[in-house]
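Trainee: This is the structure I have questions about; it appears just below.
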Amino acid sequence: MNDAVRQALDASIENVLATMFFADAVPADGELELPPGSPAARVEFYGHPSGSLALRIAPDAAREITAAFLGIEETEASEEQIGETVRELANMICGSFVSSVESQTLIQLDAPTIHAEPAPPGGACLRQLQLDSGGLEVWLEWKGGEI
Amino acid sequence: MDDSAVMRAFIRRVLEMSGLETSLCLEAAHGGEALQVLDKHWVDVVLSDINMPVMSGEEMMRRLHASSLLESLPVIVVSTDSTEARMRQMIELGARGYVKKPFHPEELRAEIERVLGVKHE
């Protein structure tokens, strides 16, 4: 995976967080350790390129972005709203990224799903970030080689 | 129309904050639900996602087109899928506008105003 793809992924993450969730993220200082059971979501995409984008986010950070997205207090955010917001975060990062690397062909994005994978698979492009309330890790897997 | 309840809530909040006069805002989780709503209610504009379970926004557009309802009903696509190929496809199907997620609230308002031909000060 080349630097241009990594930069496109970073730009998509930053843009989605800032525009829709009013959140700033900076690269994590060292290895990010998320607590077990942190909300997670995955989106598969098919076409050229094909692959998947998955993310995990610290529970407090998930609550923070849910509250910002819905314009409510963090204490008001339900678990259902938090889960759905995390899936929407994955959906928007994936769509934004895919559209930025390939624009001329149709690419099918599946609906985001909850996933419970403990760690990214080998070979995935992993980005680890820090929000105000906790960490966020995003990983991207290609199927079908480089673009 | 969006299968994500939190996205529908976000868009509703953006509309409320935009100053646009929205006397009634109806929601649907997919194209099939939207067609049922449109069967019972006249609306000024439809904001539609594309990728949804049960019936996609693309299929809903085809059905609206077949019923000739699209001639008088403006549809604005609001989607994460913003490849030029997808945008071209949806415009060819009859969409009057396109807003890419993520979007700033003012972008959605501006596109609605452009499509409806109104300007709110």
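Residues in the structure tokens are named by chain (A, B, ... in the order shown) and by number from 1 within that chain; ligands are numbered from 1 in the order shown.
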Got a sec to pull out which chain B residues are within 12 Å of chain A, counting only C-alpha atoms, and send them as number ranges by chain?

Mentor: B: 2-14, 17, 49-54, 56, 78-90, 100-107

Trainee: For Arg63 (chain A), please output as a list in words all residues within 9 Å (counting only C-alpha atoms; exclusion window: fewer than 6 positions along the same chain).

Mentor: Glu74, Thr75, Ala77, Ser78, Glu79, Gln81, Ile82 and Ser133 of chain A

Trainee: Write out as a VMD selection string the residues lying within 12 Å of region 31-45 of chain B, counting only C-alpha atoms and excluding same-chain residues fewer than 6 positions away.

Mentor: chain B and resid 1 to 3 21 to 25 51 to 65 67 69 to 77 95 to 97 111 to 118

Trainee: Write out as a ChimeraX atom specification all residues of chain A that backbone DSSP assigns to helix (DSSP H, G or I).

Mentor: /A:3-21,59-70,74-76,79-101

Trainee: To one decimal place, how far is CA of Ser18 (chain B) from CA of Ser48 (chain B) in Å?

Mentor: 18.3 Å

Trainee: Write down as a count of residues only the residues of chain A whose backbone DSSP state falls under strand (DSSP E).

Mentor: 38

Trainee: Just want the 7 Å neighbourhood of Leu136 (chain A), counted on only C-alpha atoms, with same-chain residues fewer than 2 positions away dropped. Output as a list of chain:residue names.

Mentor: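 Those residues are A:Arg56, A:Ile57, A:Ala58, A:Gln128, A:Leu129, A:Gln130, A:Gly134, A:Val138.
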
Trainee: Keeping only all heavy atoms, write the selected residues to a file as a CSV table (one decimal), in the first residue's frame.

Mentor:
chain,number,residue,atom,x,y,z
A,56,ARG,N,-12.1,0.6,15.5
A,56,ARG,CA,-12.5,0.4,16.9
A,56,ARG,C,-12.2,1.8,17.6
A,56,ARG,O,-11.3,2.5,17.3
A,56,ARG,CB,-11.6,-0.6,17.6
A,56,ARG,CG,-12.0,-2.0,17.3
A,56,ARG,CD,-11.4,-3.0,18.2
A,56,ARG,NE,-10.0,-2.9,18.3
A,56,ARG,CZ,-9.2,-3.4,19.3
A,56,ARG,NH1,-9.8,-4.0,20.3
A,56,ARG,NH2,-7.9,-3.2,19.3
A,57,ILE,N,-13.1,2.1,18.6
A,57,ILE,CA,-13.0,3.4,19.2
A,57,ILE,C,-13.2,3.2,20.7
A,57,ILE,O,-14.1,2.4,21.1
A,57,ILE,CB,-14.0,4.4,18.6
A,57,ILE,CG1,-13.8,5.8,19.2
A,57,ILE,CG2,-15.4,3.9,18.7
A,57,ILE,CD1,-14.6,6.9,18.5
A,58,ALA,N,-12.5,3.9,21.5
A,58,ALA,CA,-12.6,3.8,23.0
A,58,ALA,C,-14.1,4.2,23.4
A,58,ALA,O,-14.6,5.1,22.8
A,58,ALA,CB,-11.6,4.7,23.7
A,128,GLN,N,-3.7,4.9,14.0
A,128,GLN,CA,-4.1,5.0,15.4
A,128,GLN,C,-4.1,6.4,15.8
A,128,GLN,O,-3.1,7.2,15.6
A,128,GLN,CB,-3.1,4.2,16.3
A,128,GLN,CG,-3.2,2.7,16.0
A,128,GLN,CD,-2.4,1.9,17.0
A,128,GLN,OE1,-1.2,2.2,17.3
A,128,GLN,NE2,-3.0,0.8,17.6
A,129,LEU,N,-5.2,6.9,16.3
A,129,LEU,CA,-5.4,8.3,16.6
A,129,LEU,C,-5.9,8.5,18.0
A,129,LEU,O,-6.5,7.6,18.6
A,129,LEU,CB,-6.4,8.9,15.6
A,129,LEU,CG,-6.1,8.7,14.1
A,129,LEU,CD1,-7.3,8.6,13.2
A,129,LEU,CD2,-5.1,9.8,13.6
A,130,GLN,N,-5.7,9.7,18.4
A,130,GLN,CA,-6.2,10.1,19.8
A,130,GLN,C,-7.2,11.2,19.7
A,130,GLN,O,-6.9,12.3,19.1
A,130,GLN,CB,-5.0,10.5,20.6
A,130,GLN,CG,-5.3,10.7,22.1
A,130,GLN,CD,-5.6,9.4,22.8
A,130,GLN,OE1,-5.0,8.4,22.6
A,130,GLN,NE2,-6.7,9.4,23.7
A,134,GLY,N,-10.4,9.6,24.1
A,134,GLY,CA,-9.9,8.3,23.9
A,134,GLY,C,-9.4,8.0,22.5
A,134,GLY,O,-9.5,8.8,21.6
A,138,VAL,N,-8.2,2.7,13.0
A,138,VAL,CA,-8.8,2.4,11.7
A,138,VAL,C,-7.9,1.5,10.9
A,138,VAL,O,-6.7,1.8,10.9
A,138,VAL,CB,-9.1,3.7,11.0
A,138,VAL,CG1,-9.8,3.4,9.6
A,138,VAL,CG2,-9.9,4.7,11.8

Trainee: Would you work out the distance separating CA of Cys125 (chain A) from CA of Leu140 (chain A), expressed in Å to one decimal?

Mentor: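 It comes out at 5.0 Å.
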
Trainee: Excluding same-chain residues fewer than 5 positions from Leu53 (chain A), what lies within 7 Å of it counting only C-alpha atoms, as a PyMOL selection string?

Mentor: chain A and resi 42-44+94+139-141
